[in-house]
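Novice: For reference, the file coords-v2.cif (mmCIF, C-alpha atoms) is included below:
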```cif
data_coords
loop_
_atom_site.label_atom_id
_atom_site.label_comp_id
_atom_site.auth_asym_id
_atom_site.auth_seq_id
_atom_site.Cartn_x
_atom_site.Cartn_y
_atom_site.Cartn_z
CA MET A 1 107.68 92.64 83.16
CA GLU A 2 109.91 90.02 84.69
CA LEU A 3 108.50 87.08 86.55
CA MET A 4 110.33 85.31 89.31
CA GLY A 5 109.39 82.31 91.40
CA TYR A 6 106.21 80.24 91.37
CA GLU A 7 105.84 79.59 87.68
CA MET A 8 108.70 80.54 85.41
CA ASN A 9 107.20 79.83 82.01
CA THR A 10 105.53 82.95 80.68
CA SER A 11 103.05 80.88 78.70
CA ASP A 12 102.05 83.47 76.14
CA ARG A 13 99.74 80.90 74.60
CA LEU A 14 97.69 80.61 77.78
CA ASN A 15 97.53 84.42 77.98
CA ALA A 16 96.21 84.61 74.43
CA THR A 17 93.75 81.75 74.94
CA PHE A 18 92.26 83.10 78.17
CA ALA A 19 92.11 86.66 76.76
CA ALA A 20 90.31 85.34 73.67
CA LEU A 21 87.80 83.47 75.88
CA ALA A 22 87.05 86.57 77.98
CA ASP A 23 84.40 87.79 75.55
CA PRO A 24 80.88 86.39 75.06
CA THR A 25 80.85 86.98 71.28
CA ARG A 26 84.09 85.07 70.85
CA ARG A 27 82.82 82.24 73.06
CA ALA A 28 79.61 82.14 70.98
CA ILE A 29 81.66 81.98 67.76
CA LEU A 30 83.60 79.01 69.17
CA ALA A 31 80.33 77.34 70.18
CA ARG A 32 79.04 77.79 66.62
CA LEU A 33 82.28 76.46 65.11
CA SER A 34 82.12 73.42 67.41
CA LEU A 35 79.18 72.34 65.19
CA GLY A 36 81.23 72.66 61.98
CA GLU A 37 83.15 75.20 59.91
CA ALA A 38 81.46 78.45 58.80
CA SER A 39 82.21 81.47 56.64
CA VAL A 40 82.58 84.96 58.12
CA SER A 41 79.13 86.03 56.90
CA GLU A 42 77.57 82.84 58.34
CA LEU A 43 79.29 83.60 61.63
CA ALA A 44 78.15 87.24 61.59
CA GLU A 45 74.50 86.37 60.87
CA PRO A 46 73.14 85.61 64.36
CA PHE A 47 74.83 88.66 65.88
CA ASN A 48 73.63 92.21 65.85
CA MET A 49 77.09 93.26 64.74
CA SER A 50 78.81 94.51 61.61
CA GLN A 51 81.03 92.13 59.64
CA PRO A 52 84.15 94.20 60.48
CA ALA A 53 83.33 93.86 64.18
CA ILE A 54 83.03 90.09 63.77
CA SER A 55 86.28 90.05 61.76
CA LYS A 56 88.04 91.76 64.63
CA HIS A 57 86.89 89.01 66.99
CA LEU A 58 87.96 86.35 64.48
CA LYS A 59 91.40 87.91 64.33
CA VAL A 60 91.75 87.59 68.12
CA LEU A 61 90.65 83.94 67.95
CA GLU A 62 93.03 83.28 65.07
CA ARG A 63 96.00 84.86 66.83
CA ALA A 64 95.27 82.65 69.84
CA GLY A 65 95.29 79.61 67.54
CA LEU A 66 91.67 78.83 68.42
CA ILE A 67 90.49 78.95 64.81
CA SER A 68 92.03 78.43 61.39
CA ARG A 69 90.95 79.03 57.78
CA GLY A 70 89.70 76.25 55.57
CA ARG A 71 91.00 75.60 52.07
CA ASP A 72 88.00 76.88 50.08
CA ALA A 73 89.44 80.11 48.59
CA GLN A 74 86.00 81.64 48.02
CA ARG A 75 84.39 81.14 51.42
CA ARG A 76 87.52 80.92 53.53
CA PRO A 77 85.53 79.03 56.17
CA ARG A 78 86.72 79.24 59.75
CA ARG A 79 87.31 76.06 61.69
CA LEU A 80 87.71 75.39 65.40
CA GLU A 81 91.19 74.36 66.54
CA PRO A 82 90.62 72.63 69.88
CA ARG A 83 94.25 72.31 70.99
CA PRO A 84 94.49 75.62 72.94
CA LEU A 85 91.19 74.76 74.68
CA ALA A 86 92.71 71.45 75.74
CA ASP A 87 95.78 73.27 77.09
CA ALA A 88 93.65 75.79 79.00
CA THR A 89 91.60 72.95 80.50
CA GLN A 90 94.78 71.18 81.51
CA TRP A 91 95.92 74.31 83.35
CA LEU A 92 92.58 74.56 85.17
CA GLU A 93 92.57 70.84 86.02
CA ARG A 94 95.37 71.50 88.52
CA TYR A 95 92.79 73.23 90.69
CA ARG A 96 90.19 70.48 90.42
CA ARG A 97 91.40 68.76 93.58
CA ILE A 98 90.79 72.03 95.44
CA TRP A 99 87.22 72.59 94.39
CA GLU A 100 86.41 68.89 94.64
CA GLY A 101 88.07 68.88 98.05
CA ASN A 102 85.79 71.76 99.04
CA TYR A 103 82.71 69.86 97.90
CA ARG A 104 83.89 66.75 99.72
CA ARG A 105 84.37 68.70 102.95
CA LEU A 106 80.88 70.15 102.55
CA ASP A 107 79.42 66.69 101.87
CA ALA A 108 81.17 65.26 104.93
CA LEU A 109 79.83 68.11 107.06
CA LEU A 110 76.28 67.57 105.79
CA ASP A 111 76.55 63.82 106.42
CA GLU A 112 77.78 64.50 109.95
CA LEU A 113 74.89 66.88 110.60
CA LYS A 114 72.42 64.33 109.23
CA THR A 115 73.69 61.31 111.14
CA LYS A 116 74.68 62.89 114.43
CA GLY A 117 71.98 65.52 114.59
CA PRO A 118 72.20 68.89 116.34
CA LYS A 119 73.38 67.36 119.64
CA THR A 120 76.93 67.01 118.23
CA GLY A 121 77.95 70.63 118.44
CA GLY A 122 79.02 71.20 122.05
CA GLY A 123 79.25 74.97 122.57
CA ARG A 124 78.94 77.61 119.84
CA MET B 1 76.82 95.54 72.55
CA GLU B 2 73.80 93.34 72.01
CA LEU B 3 74.16 89.63 71.48
CA MET B 4 71.69 87.57 69.52
CA GLY B 5 71.60 83.90 68.71
CA TYR B 6 73.95 81.07 69.69
CA GLU B 7 74.39 81.77 73.35
CA MET B 8 72.16 84.36 74.98
CA ASN B 9 73.57 84.47 78.47
CA THR B 10 76.16 87.22 78.71
CA SER B 11 77.98 85.38 81.48
CA ASP B 12 79.85 88.31 82.93
CA ARG B 13 81.39 85.94 85.44
CA LEU B 14 83.07 83.89 82.71
CA ASN B 15 84.33 87.12 81.12
CA ALA B 16 85.85 88.22 84.42
CA THR B 17 87.32 84.79 85.15
CA PHE B 18 88.96 84.33 81.75
CA ALA B 19 90.23 87.94 81.73
CA ALA B 20 91.74 87.41 85.18
CA LEU B 21 93.45 84.21 83.99
CA ALA B 22 94.96 85.93 80.92
CA ASP B 23 97.99 87.12 82.87
CA PRO B 24 100.98 85.06 84.05
CA THR B 25 101.39 86.97 87.33
CA ARG B 26 97.77 86.40 88.25
CA ARG B 27 98.03 82.71 87.34
CA ALA B 28 101.17 82.45 89.49
CA ILE B 29 99.35 84.12 92.40
CA LEU B 30 96.55 81.56 92.11
CA ALA B 31 99.12 78.75 91.99
CA ARG B 32 100.69 80.10 95.18
CA LEU B 33 97.29 80.44 96.89
CA SER B 34 96.41 76.86 95.93
CA LEU B 35 99.03 75.88 98.55
CA GLY B 36 97.36 77.96 101.26
CA GLU B 37 96.41 81.52 102.12
CA ALA B 38 99.03 84.31 102.03
CA SER B 39 99.34 87.99 102.85
CA VAL B 40 99.92 90.62 100.16
CA SER B 41 103.60 91.00 101.09
CA GLU B 42 104.06 87.22 101.04
CA LEU B 43 102.45 87.15 97.61
CA ALA B 44 104.61 90.03 96.35
CA GLU B 45 107.87 88.47 97.57
CA PRO B 46 108.74 86.09 94.69
CA PHE B 47 107.93 88.71 92.04
CA ASN B 48 110.13 91.48 90.83
CA MET B 49 107.18 93.84 91.26
CA SER B 50 106.12 96.61 93.59
CA GLN B 51 103.41 95.90 96.16
CA PRO B 52 100.99 98.34 94.44
CA ALA B 53 101.46 96.41 91.18
CA ILE B 54 100.65 93.16 92.99
CA SER B 55 97.67 94.82 94.68
CA LYS B 56 96.30 95.78 91.27
CA HIS B 57 96.47 92.13 90.18
CA LEU B 58 94.83 91.05 93.45
CA LYS B 59 91.99 93.49 92.80
CA VAL B 60 91.35 91.90 89.39
CA LEU B 61 91.34 88.43 90.98
CA GLU B 62 89.05 89.61 93.76
CA ARG B 63 86.57 91.21 91.36
CA ALA B 64 86.44 87.92 89.44
CA GLY B 65 85.65 86.12 92.71
CA LEU B 66 88.83 84.05 92.40
CA ILE B 67 90.23 85.17 95.75
CA SER B 68 88.80 86.44 99.03
CA ARG B 69 90.21 88.00 102.19
CA GLY B 70 90.69 86.01 105.35
CA ARG B 71 89.48 87.12 108.77
CA ASP B 72 92.83 88.11 110.30
CA ALA B 73 92.50 91.91 110.40
CA GLN B 74 96.27 92.45 110.53
CA ARG B 75 97.44 90.28 107.66
CA ARG B 76 94.28 90.21 105.61
CA PRO B 77 95.47 87.00 104.00
CA ARG B 78 94.19 86.21 100.55
CA ARG B 79 92.57 82.85 99.93
CA LEU B 80 91.80 81.00 96.70
CA GLU B 81 88.10 80.68 95.83
CA PRO B 82 87.94 77.76 93.42
CA ARG B 83 84.31 78.10 92.30
CA PRO B 84 84.95 80.37 89.24
CA LEU B 85 87.74 77.99 88.16
CA ALA B 86 85.24 75.13 88.32
CA ASP B 87 82.77 77.14 86.21
CA ALA B 88 85.43 78.01 83.62
CA THR B 89 86.45 74.35 83.42
CA GLN B 90 82.84 73.34 82.97
CA TRP B 91 82.56 75.75 80.02
CA LEU B 92 85.72 74.29 78.45
CA GLU B 93 84.57 70.70 79.05
CA ARG B 94 81.95 71.15 76.32
CA TYR B 95 84.81 71.11 73.82
CA ARG B 96 86.49 68.05 75.26
CA ARG B 97 84.60 65.70 72.90
CA ILE B 98 86.06 67.70 69.99
CA TRP B 99 89.70 67.50 70.96
CA GLU B 100 89.31 63.94 72.18
CA GLY B 101 87.51 63.14 68.91
CA ASN B 102 90.49 64.61 67.05
CA TYR B 103 92.92 62.45 68.99
CA ARG B 104 90.72 59.40 68.44
CA ARG B 105 90.62 60.03 64.69
CA LEU B 106 94.39 60.41 64.66
CA ASP B 107 94.79 57.19 66.68
CA ALA B 108 92.48 55.32 64.31
CA LEU B 109 94.46 56.59 61.34
CA LEU B 110 97.75 55.53 62.90
CA ASP B 111 96.31 52.09 63.73
CA GLU B 112 95.07 51.72 60.18
CA LEU B 113 98.49 52.65 58.79
CA LYS B 114 100.17 50.20 61.15
CA THR B 115 97.89 47.21 60.50
CA LYS B 116 97.12 47.66 56.83
CA GLY B 117 100.44 49.10 55.76
CA PRO B 118 101.04 51.38 52.78
CA LYS B 119 99.17 49.12 50.33
CA THR B 120 95.76 50.44 51.59
CA GLY B 121 95.81 53.77 49.82
CA GLY B 122 94.61 53.09 46.28
CA GLY B 123 95.43 56.20 44.21
CA ARG B 124 96.84 59.41 45.58
#
```
As structure tokens, how would this structure be written, given the file I've shared?
Specialist:
Amino acid sequence: MELMGYEMNTSDRLNATFAALADPTRRAILARLSLGEASVSELAEPFNMSQPAISKHLKVLERAGLISRGRDAQRRPRRLEPRPLADATQWLERYRRIWEGNYRRLDALLDELKTKGPKTGGGR
Amino acid sequence: MELMGYEMNTSDRLNATFAALADPTRRAILARLSLGEASVSELAEPFNMSQPAISKHLKVLERAGLISRGRDAQRRPRRLEPRPLADATQWLERYRRIWEGNYRRLDALLDELKTKGPKTGGGR
């Protein structure tokens, strides 16, 4: 697929990050790892899922660069790598002015309704 | 699939939002719509893609609540709906302290190296 216009960089990293985040188990694993590193069996524990199923999710997170493996050869603990989350947030930040603009417009409208009262309107 | 522990809410909306964002064409469409509403053919123009292919992407964005259709019955212009982007950002914000913490630790280390010089170390 060839992209033209708008945004030329294909940003495979963003694709991988957002795809990895599009699953509640993977988001929960990241939430757990935000508290500190954990082995695969520790990560599997709170889920009603087999260890291979968890491993599959870990592989997706690893490919996206969202987690890495610690040095302990026995436990091979997984660790959160926050950089791709920072990049994803940076991408989303570009839209902040839009949603904040929307809220501001709504606030202004509510203020106007409060101060001027219903007499403002003037026809439908 | 049943989830237990960590994070109980299945947050289908976050799933849909992140899945929708995991594609460069869809991100480019959102970038275009951040400048103002546009018809399907206007959106298709800068891409080397058929209109049905673009329509498929628009359907994904629409299902995720990221775009809506304007009132003009002829053009049916698409419009950006920023709310899901705000929600996704809010989810990511929880990790900000981690990546900012990492940068702070790195800054502190660099400061220490600069002020104390190499003599600090003391054995490997």
Novice: Lay chain A over chain B using all C-alpha atoms, matched one to one in order, with a least-squares fit; then write it out as a PDB file with C-alpha atoms, in the frame of the given file.
Specialist:
```pdb
ATOM      1  CA  MET A   1      76.763  95.455  72.651  1.00  0.00           C
ATOM      2  CA  GLU A   2      73.756  93.255  72.101  1.00  0.00           C
ATOM      3  CA  LEU A   3      74.098  89.555  71.570  1.00  0.00           C
ATOM      4  CA  MET A   4      71.647  87.517  69.585  1.00  0.00           C
ATOM      5  CA  GLY A   5      71.509  83.819  68.837  1.00  0.00           C
ATOM      6  CA  TYR A   6      73.918  81.059  69.824  1.00  0.00           C
ATOM      7  CA  GLU A   7      74.315  81.765  73.500  1.00  0.00           C
ATOM      8  CA  MET A   8      72.024  84.312  75.081  1.00  0.00           C
ATOM      9  CA  ASN A   9      73.459  84.517  78.575  1.00  0.00           C
ATOM     10  CA  THR A  10      76.069  87.248  78.720  1.00  0.00           C
ATOM     11  CA  SER A  11      77.939  85.432  81.470  1.00  0.00           C
ATOM     12  CA  ASP A  12      79.832  88.363  82.915  1.00  0.00           C
ATOM     13  CA  ARG A  13      81.361  85.994  85.437  1.00  0.00           C
ATOM     14  CA  LEU A  14      83.020  83.927  82.721  1.00  0.00           C
ATOM     15  CA  ASN A  15      84.300  87.142  81.108  1.00  0.00           C
ATOM     16  CA  ALA A  16      85.843  88.246  84.391  1.00  0.00           C
ATOM     17  CA  THR A  17      87.296  84.807  85.136  1.00  0.00           C
ATOM     18  CA  PHE A  18      88.909  84.327  81.724  1.00  0.00           C
ATOM     19  CA  ALA A  19      90.209  87.931  81.692  1.00  0.00           C
ATOM     20  CA  ALA A  20      91.727  87.394  85.147  1.00  0.00           C
ATOM     21  CA  LEU A  21      93.414  84.169  83.950  1.00  0.00           C
ATOM     22  CA  ALA A  22      94.920  85.870  80.881  1.00  0.00           C
ATOM     23  CA  ASP A  23      97.965  87.054  82.814  1.00  0.00           C
ATOM     24  CA  PRO A  24     100.928  84.952  83.992  1.00  0.00           C
ATOM     25  CA  THR A  25     101.378  86.881  87.265  1.00  0.00           C
ATOM     26  CA  ARG A  26      97.750  86.345  88.203  1.00  0.00           C
ATOM     27  CA  ARG A  27      97.969  82.651  87.299  1.00  0.00           C
ATOM     28  CA  ALA A  28     101.129  82.379  89.438  1.00  0.00           C
ATOM     29  CA  ILE A  29      99.339  84.067  92.361  1.00  0.00           C
ATOM     30  CA  LEU A  30      96.511  81.518  92.070  1.00  0.00           C
ATOM     31  CA  ALA A  31      99.059  78.690  91.949  1.00  0.00           C
ATOM     32  CA  ARG A  32     100.652  80.034  95.142  1.00  0.00           C
ATOM     33  CA  LEU A  33      97.268  80.412  96.859  1.00  0.00           C
ATOM     34  CA  SER A  34      96.361  76.835  95.889  1.00  0.00           C
ATOM     35  CA  LEU A  35      98.980  75.838  98.513  1.00  0.00           C
ATOM     36  CA  GLY A  36      97.332  77.943 101.245  1.00  0.00           C
ATOM     37  CA  GLU A  37      96.399  81.525 102.093  1.00  0.00           C
ATOM     38  CA  ALA A  38      99.053  84.282 101.986  1.00  0.00           C
ATOM     39  CA  SER A  39      99.383  87.966 102.801  1.00  0.00           C
ATOM     40  CA  VAL A  40      99.979  90.580 100.096  1.00  0.00           C
ATOM     41  CA  SER A  41     103.663  90.937 101.012  1.00  0.00           C
ATOM     42  CA  GLU A  42     104.100  87.130 100.972  1.00  0.00           C
ATOM     43  CA  LEU A  43     102.477  87.077  97.548  1.00  0.00           C
ATOM     44  CA  ALA A  44     104.654  89.939  96.275  1.00  0.00           C
ATOM     45  CA  GLU A  45     107.915  88.348  97.472  1.00  0.00           C
ATOM     46  CA  PRO A  46     108.756  85.960  94.609  1.00  0.00           C
ATOM     47  CA  PHE A  47     107.962  88.570  91.958  1.00  0.00           C
ATOM     48  CA  ASN A  48     110.169  91.331  90.713  1.00  0.00           C
ATOM     49  CA  MET A  49     107.261  93.711  91.150  1.00  0.00           C
ATOM     50  CA  SER A  50     106.201  96.501  93.476  1.00  0.00           C
ATOM     51  CA  GLN A  51     103.503  95.825  96.071  1.00  0.00           C
ATOM     52  CA  PRO A  52     101.098  98.262  94.339  1.00  0.00           C
ATOM     53  CA  ALA A  53     101.537  96.326  91.093  1.00  0.00           C
ATOM     54  CA  ILE A  54     100.721  93.086  92.912  1.00  0.00           C
ATOM     55  CA  SER A  55      97.745  94.786  94.603  1.00  0.00           C
ATOM     56  CA  LYS A  56      96.396  95.735  91.207  1.00  0.00           C
ATOM     57  CA  HIS A  57      96.514  92.092  90.128  1.00  0.00           C
ATOM     58  CA  LEU A  58      94.862  91.027  93.392  1.00  0.00           C
ATOM     59  CA  LYS A  59      92.064  93.486  92.750  1.00  0.00           C
ATOM     60  CA  VAL A  60      91.390  91.886  89.348  1.00  0.00           C
ATOM     61  CA  LEU A  61      91.355  88.420  90.944  1.00  0.00           C
ATOM     62  CA  GLU A  62      89.078  89.642  93.722  1.00  0.00           C
ATOM     63  CA  ARG A  63      86.610  91.259  91.333  1.00  0.00           C
ATOM     64  CA  ALA A  64      86.449  87.971  89.426  1.00  0.00           C
ATOM     65  CA  GLY A  65      85.668  86.177  92.698  1.00  0.00           C
ATOM     66  CA  LEU A  66      88.824  84.073  92.381  1.00  0.00           C
ATOM     67  CA  ILE A  67      90.217  85.180  95.739  1.00  0.00           C
ATOM     68  CA  SER A  68      88.817  86.474  99.010  1.00  0.00           C
ATOM     69  CA  ARG A  69      90.258  88.032 102.181  1.00  0.00           C
ATOM     70  CA  GLY A  70      90.759  86.050 105.343  1.00  0.00           C
ATOM     71  CA  ARG A  71      89.554  87.188 108.751  1.00  0.00           C
ATOM     72  CA  ASP A  72      92.922  88.154 110.275  1.00  0.00           C
ATOM     73  CA  ALA A  73      92.614  91.978 110.353  1.00  0.00           C
ATOM     74  CA  GLN A  74      96.384  92.497 110.494  1.00  0.00           C
ATOM     75  CA  ARG A  75      97.547  90.296 107.630  1.00  0.00           C
ATOM     76  CA  ARG A  76      94.365  90.253 105.588  1.00  0.00           C
ATOM     77  CA  PRO A  77      95.522  87.005 103.972  1.00  0.00           C
ATOM     78  CA  ARG A  78      94.220  86.201 100.517  1.00  0.00           C
ATOM     79  CA  ARG A  79      92.581  82.863  99.891  1.00  0.00           C
ATOM     80  CA  LEU A  80      91.759  81.001  96.692  1.00  0.00           C
ATOM     81  CA  GLU A  81      88.064  80.718  95.833  1.00  0.00           C
ATOM     82  CA  PRO A  82      87.873  77.774  93.430  1.00  0.00           C
ATOM     83  CA  ARG A  83      84.250  78.170  92.322  1.00  0.00           C
ATOM     84  CA  PRO A  84      84.886  80.410  89.257  1.00  0.00           C
ATOM     85  CA  LEU A  85      87.657  78.008  88.157  1.00  0.00           C
ATOM     86  CA  ALA A  86      85.150  75.167  88.342  1.00  0.00           C
ATOM     87  CA  ASP A  87      82.685  77.179  86.236  1.00  0.00           C
ATOM     88  CA  ALA A  88      85.344  78.027  83.638  1.00  0.00           C
ATOM     89  CA  THR A  89      86.348  74.357  83.438  1.00  0.00           C
ATOM     90  CA  GLN A  90      82.725  73.384  82.995  1.00  0.00           C
ATOM     91  CA  TRP A  91      82.458  75.778  80.049  1.00  0.00           C
ATOM     92  CA  LEU A  92      85.594  74.307  78.459  1.00  0.00           C
ATOM     93  CA  GLU A  93      84.435  70.725  79.078  1.00  0.00           C
ATOM     94  CA  ARG A  94      81.805  71.207  76.361  1.00  0.00           C
ATOM     95  CA  TYR A  95      84.639  71.130  73.847  1.00  0.00           C
ATOM     96  CA  ARG A  96      86.308  68.038  75.279  1.00  0.00           C
ATOM     97  CA  ARG A  97      84.437  65.707  72.940  1.00  0.00           C
ATOM     98  CA  ILE A  98      85.876  67.690  70.020  1.00  0.00           C
ATOM     99  CA  TRP A  99      89.510  67.500  70.979  1.00  0.00           C
ATOM    100  CA  GLU A 100      89.157  63.920  72.189  1.00  0.00           C
ATOM    101  CA  GLY A 101      87.353  63.129  68.948  1.00  0.00           C
ATOM    102  CA  ASN A 102      90.321  64.594  67.073  1.00  0.00           C
ATOM    103  CA  TYR A 103      92.758  62.430  69.016  1.00  0.00           C
ATOM    104  CA  ARG A 104      90.586  59.376  68.442  1.00  0.00           C
ATOM    105  CA  ARG A 105      90.504  60.015  64.693  1.00  0.00           C
ATOM    106  CA  LEU A 106      94.286  60.385  64.710  1.00  0.00           C
ATOM    107  CA  ASP A 107      94.684  57.169  66.726  1.00  0.00           C
ATOM    108  CA  ALA A 108      92.392  55.292  64.340  1.00  0.00           C
ATOM    109  CA  LEU A 109      94.383  56.585  61.370  1.00  0.00           C
ATOM    110  CA  LEU A 110      97.683  55.520  62.946  1.00  0.00           C
ATOM    111  CA  ASP A 111      96.262  52.079  63.764  1.00  0.00           C
ATOM    112  CA  GLU A 112      95.066  51.718  60.175  1.00  0.00           C
ATOM    113  CA  LEU A 113      98.488  52.689  58.838  1.00  0.00           C
ATOM    114  CA  LYS A 114     100.164  50.225  61.204  1.00  0.00           C
ATOM    115  CA  THR A 115      97.928  47.243  60.508  1.00  0.00           C
ATOM    116  CA  LYS A 116      97.245  47.689  56.815  1.00  0.00           C
ATOM    117  CA  GLY A 117     100.592  49.120  55.825  1.00  0.00           C
ATOM    118  CA  PRO A 118     101.278  51.482  52.923  1.00  0.00           C
ATOM    119  CA  LYS A 119      99.483  49.256  50.384  1.00  0.00           C
ATOM    120  CA  THR A 120      96.091  50.548  51.622  1.00  0.00           C
ATOM    121  CA  GLY A 121      96.190  53.949  50.005  1.00  0.00           C
ATOM    122  CA  GLY A 122      95.108  53.413  46.393  1.00  0.00           C
ATOM    123  CA  GLY A 123      95.984  56.591  44.476  1.00  0.00           C
ATOM    124  CA  ARG A 124      97.246  59.837  46.021  1.00  0.00           C
TER     125      ARG A 124
END
```
Novice: Near Ile98 in chain B, counting all atoms listed in the file, which residues have an atom at most 12 Å away, once you skip same-chain residues fewer than 6 positions from it, shown as number ranges by chain?
Specialist: A: 30-31, 33-36, 79-86; B: 92, 104-105
Novice: Given the PyMOL selection byres ((chain A and resi 64) around 8) and the file above, list the residues it selects as a list in words.
Specialist: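 Written out, the selection comes to Arg13, Ala16, Thr17, Ala20, Val60, Leu61, Glu62, Arg63, Gly65, Leu66, Ile67 and Pro84 of chain A.
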Novice: Spell out the residues picked by the PyMOL selection byres ((chain B) within 8 of (chain A)) here, as a VMD selection string.
Specialist: chain B and resid 2 to 7 10 to 11 14 to 19 21 to 25 28 to 29 31 to 32 34 46 to 48 82 to 83 85 to 86 89 92 to 93 95 to 96 98 to 99
Novice: One decimal, in Å: what's the spacing between CA of Pro77 in chain A and CA of Lys59 in chain A?
Specialist: 13.4 Å
Novice: CA of Asp72 in chain B and CA of Ser50 in chain B, how far apart in Å?
Specialist: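 CA of Asp72 in chain B lies at a distance of 23.0 Å from CA of Ser50 in chain B.
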Novice: To one decimal in Å, tell me the separation between CA of Leu58 in chain B and CA of Arg26 in chain B.
Specialist: 7.6 Å
Novice: What would the selection look like, as a count of residues only, if the PyMOL selection byres ((chain B and resi 75) around 10) were run on the coordinates I just shared?
Specialist: 14
Novice: Of the candidates A:Leu110, A:Lys116, A:Asp87, A:Ala44, which shows the shortest atom-to-atom distance to Lys56 in chain A, using all atoms listed in the file?
Specialist: A:Ala44
